[in-house]
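Single-structure report; data block below.
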There are 2 protein chains.
Amino acid sequence: MAHTASSDWEASAREALSAAGHRTGGAREAVVVQLAHQSCCLSAQEISDELRGKGKDIGLASIYRALDLLHEMGLVQRVEIGDGGARYEPVVPGGEHHHHAVCDTCGRVTAFEDDRLEQQLERLAGRLRHSMSGHDIVIHGDCARCARK
Amino acid sequence: MAHTASSDWEASAREALSAAGHRTGGAREAVVVQLAHQSCCLSAQEISDELRGKGKDIGLASIYRALDLLHEMGLVQRVEIGDGGARYEPVVPGGEHHHHAVCDTCGRVTAFEDDRLEQQLERLAGRLRHSMSGHDIVIHGDCARCARK
DNA sequence: GTGAATGCAAACTCTTTGCATGACT
DNA sequence: AGTCATGCAAAGAGTTTGCATTCAC
């Protein structure tokens, strides 16, 4: 069975958490699993809804606490796509890294990857003498479907 | 006397507003002036503080309404730098266009420009068949000053 | 004079915090 | 057993909205 990026992340997140002395409770564990099974960014509310759909009724506060911790540990990235709320997605070290195009009309979020963009950003950060722990790129506009109308 | 990008923006913003049938009240006018005199992004609260310092006591709600309108008209861009709040900056059509590097330690925001990055993004948007009305790039990390420590 | 613009206060959303309870090691 | 994790409810920050008043045209 092939390793997937998400199961790798799930395993390494669990390992990092336990190495840092954190216990394995139901709430944080559920958040880790949910994030691992998601390809793109999720808001705290969306995580809560997804989990409730699976019969796991986790308090929103615990979800925020779990996300905070994972973010501090560098295991998730915080993404803001312009709707006033925050979203989170797993950080796979050395792995796939994507950004987001948001449709101003329908609100759909499209993920995209581009190596040249990444390289350009690395170069830029060097030029600015600004270390880069992460970066967000958000494209606003109309998606292919909405632009057609 | 040389034209500056900001005074151009101020004039064109005023023109666009009056062309759209908006009256010239004190609050919106003050917001336009404040934005024009600022090189980088400002939050609603910061605009309010700046204006109060100049003796203009403008209600926060009016500032938000002015920013909303300017944003809808494409005269300002909304920027989120990861602190949970929104910032706004003038959009100078065909003019200078910059992005932001945020220091995770001291919170300072550094603006930067890069033409190749812009070109790359244009190309990318075309590839995604996603029209691009705007885009944000935020680099997170430590600024030169904080990284030294 | 008429309708848009403004200010205030209340409402609203997203997020964080305090505290008592429950669960992992 | 001891301590961290969790849930609930309340608090907080940022933003939006309702409504009466004021002001630009």
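Ordering of the structure tokens sets the chain letters (A, B, ...); residue numbers start at 1 within each chain; ligands are numbered from 1 in the order shown.
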
Considering only C-alpha atoms (C1' of nucleotides), extract the chain A residues located within 8 Å of chain D and return them as a PyMOL selection string. chain A and resi 22-23+25+27+59+61-62

Could you turn the residues from that selection into a file that holds C-alpha atoms, as a CSV table (one decimal), in the first residue's frame?
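Saved the output as part-v9.csv:
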```csv
chain,number,residue,atom,x,y,z
A,22,HIS,CA,0.8,16.2,24.7
A,23,ARG,CA,-1.8,13.6,25.6
A,25,GLY,CA,-7.5,13.1,23.8
A,27,ALA,CA,-10.9,16.3,20.4
A,59,GLY,CA,-16.7,21.7,21.1
A,61,ALA,CA,-13.3,25.8,21.6
A,62,SER,CA,-11.4,22.5,21.5
```

Can you pull out every residue from chain A that DSSP, working from the backbone, puts in helix (DSSP H, G or I), and format the result as a VMD selection string? chain A and resid 5 to 19 26 to 36 44 to 53 60 to 72 115 to 127 144 to 147

Pull out every residue of chain C that has at least one atom within 8 Å of chain A, counting only C-alpha atoms (C1' of nucleotides), and report them as a VMD selection string. chain C and resid 14 to 15 23 to 25

Considering only C-alpha atoms, tabulate each residue of chain A that lies at most 7 Å from chain B along with its nearest interatomic pair and the corresponding distance in Å to one decimal; arrange the rows by chain and ascending residue number and present them as CSV.
```
residue,atom,partner,partner_atom,distance
A:Glu80,CA,B:Glu80,CA,6.7
A:Gly82,CA,B:Glu80,CA,6.8
A:Leu117,CA,B:Gln120,CA,6.7
A:Gln120,CA,B:Leu117,CA,6.7
A:Arg129,CA,B:Ala144,CA,5.3
A:His130,CA,B:Cys143,CA,4.5
A:Ser131,CA,B:Gly141,CA,4.9
A:Met132,CA,B:Gly141,CA,4.4
A:Ser133,CA,B:Gly141,CA,4.7
A:Gly134,CA,B:His140,CA,5.1
A:His135,CA,B:Ile139,CA,4.3
A:Asp136,CA,B:Val138,CA,5.2
A:Ile137,CA,B:Ile137,CA,4.5
A:Val138,CA,B:Asp136,CA,5.2
A:Ile139,CA,B:His135,CA,4.4
A:His140,CA,B:Gly134,CA,5.1
A:Gly141,CA,B:Met132,CA,4.3
A:Asp142,CA,B:Ser131,CA,5.1
A:Cys143,CA,B:His130,CA,4.5
A:Ala144,CA,B:Arg129,CA,5.3
```

Export, as a short mmCIF file (atom, residue, chain, number, x, y, z; two decimals), in the first residue's frame, the selected residues with N, CA and C atoms.
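File out-v1.cif, as written:
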```cif
data_model
loop_
_atom_site.label_atom_id
_atom_site.label_comp_id
_atom_site.auth_asym_id
_atom_site.auth_seq_id
_atom_site.Cartn_x
_atom_site.Cartn_y
_atom_site.Cartn_z
N GLU A 80 -5.91 32.81 5.03
CA GLU A 80 -7.05 33.73 5.02
C GLU A 80 -7.40 34.02 3.57
N GLY A 82 -9.97 35.95 2.57
CA GLY A 82 -10.66 37.21 2.36
C GLY A 82 -12.10 37.26 2.81
N LEU A 117 6.79 29.81 -9.07
CA LEU A 117 6.33 30.81 -8.12
C LEU A 117 7.05 30.63 -6.78
N GLN A 120 10.61 31.76 -7.05
CA GLN A 120 10.67 33.21 -7.11
C GLN A 120 10.51 33.81 -5.70
N ARG A 129 16.05 39.86 2.88
CA ARG A 129 16.62 39.38 4.14
C ARG A 129 15.51 39.13 5.16
N HIS A 130 14.48 38.47 4.68
CA HIS A 130 13.34 38.12 5.52
C HIS A 130 13.25 36.60 5.49
N SER A 131 13.40 35.98 6.65
CA SER A 131 13.29 34.52 6.63
C SER A 131 11.85 34.17 6.29
N MET A 132 11.64 32.99 5.74
CA MET A 132 10.29 32.65 5.30
C MET A 132 9.83 31.36 5.96
N SER A 133 8.96 31.50 6.96
CA SER A 133 8.44 30.30 7.62
C SER A 133 7.20 29.81 6.87
N GLY A 134 6.64 30.68 6.06
CA GLY A 134 5.48 30.30 5.29
C GLY A 134 5.06 31.44 4.40
N HIS A 135 4.13 31.19 3.52
CA HIS A 135 3.63 32.26 2.68
C HIS A 135 2.28 31.88 2.12
N ASP A 136 1.50 32.89 1.85
CA ASP A 136 0.17 32.72 1.26
C ASP A 136 0.12 33.46 -0.04
N ILE A 137 -0.50 32.84 -1.01
CA ILE A 137 -0.82 33.57 -2.23
C ILE A 137 -2.31 33.34 -2.48
N VAL A 138 -3.04 34.41 -2.63
CA VAL A 138 -4.47 34.30 -2.93
C VAL A 138 -4.77 35.10 -4.19
N ILE A 139 -5.33 34.43 -5.17
CA ILE A 139 -5.77 35.11 -6.38
C ILE A 139 -7.26 35.36 -6.27
N HIS A 140 -7.67 36.61 -6.47
CA HIS A 140 -9.10 36.92 -6.49
C HIS A 140 -9.54 37.16 -7.93
N GLY A 141 -10.75 36.76 -8.25
CA GLY A 141 -11.26 36.95 -9.60
C GLY A 141 -12.43 36.02 -9.82
N ASP A 142 -12.75 35.77 -11.06
CA ASP A 142 -13.85 34.87 -11.35
C ASP A 142 -13.32 33.56 -11.90
N CYS A 143 -13.87 32.46 -11.41
CA CYS A 143 -13.43 31.16 -11.87
C CYS A 143 -13.95 30.92 -13.28
N ALA A 144 -13.42 29.89 -13.92
CA ALA A 144 -13.76 29.61 -15.32
C ALA A 144 -15.28 29.55 -15.50
#
```

Considering only strand (DSSP E or B) as DSSP defines it on the backbone, what residues of stretch 15-90 of chain A qualify? List them as a PyMOL selection string. chain A and resi 42-43+76-79+87-90

Writing out the chosen residues with N, CA, C and O atoms as a tab-separated table (two decimals), in the first residue's frame:
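Listing of selection37.tsv after writing:
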```tsv
chain	number	residue	atom	x	y	z
A	42	LEU	N	-9.64	24.23	5.62
A	42	LEU	CA	-10.90	24.13	6.34
A	42	LEU	C	-10.96	25.18	7.44
A	42	LEU	O	-9.97	25.43	8.11
A	43	SER	N	-12.14	25.74	7.66
A	43	SER	CA	-12.32	26.64	8.80
A	43	SER	C	-12.67	25.80	10.02
A	43	SER	O	-13.04	24.63	9.92
A	76	VAL	N	0.35	22.94	10.87
A	76	VAL	CA	-0.68	23.44	9.96
A	76	VAL	C	-0.37	24.89	9.61
A	76	VAL	O	0.30	25.60	10.35
A	77	GLN	N	-0.89	25.30	8.47
A	77	GLN	CA	-0.74	26.67	8.04
A	77	GLN	C	-2.09	27.36	8.11
A	77	GLN	O	-3.12	26.76	7.84
A	78	ARG	N	-2.04	28.61	8.52
A	78	ARG	CA	-3.23	29.42	8.62
A	78	ARG	C	-3.41	30.13	7.28
A	78	ARG	O	-2.47	30.72	6.77
A	79	VAL	N	-4.60	30.06	6.71
A	79	VAL	CA	-4.85	30.68	5.42
A	79	VAL	C	-6.06	31.60	5.53
A	79	VAL	O	-7.09	31.21	6.08
A	87	ARG	N	-8.69	29.82	7.83
A	87	ARG	CA	-8.76	28.42	7.46
A	87	ARG	C	-7.41	27.79	7.74
A	87	ARG	O	-6.41	28.48	7.84
A	88	TYR	N	-7.41	26.48	7.84
A	88	TYR	CA	-6.19	25.78	8.21
A	88	TYR	C	-5.99	24.59	7.30
A	88	TYR	O	-6.94	23.93	6.91
A	89	GLU	N	-4.72	24.33	6.99
A	89	GLU	CA	-4.43	23.12	6.23
A	89	GLU	C	-3.10	22.56	6.65
A	89	GLU	O	-2.22	23.28	7.13
A	90	PRO	N	-2.95	21.23	6.50
A	90	PRO	CA	-1.72	20.56	6.92
A	90	PRO	C	-0.52	21.11	6.18
A	90	PRO	O	-0.61	21.46	5.01
```

Atom-to-atom span, atom CA of B:Gly107 and atom CA of B:Asp49, Å: 18.7 Å
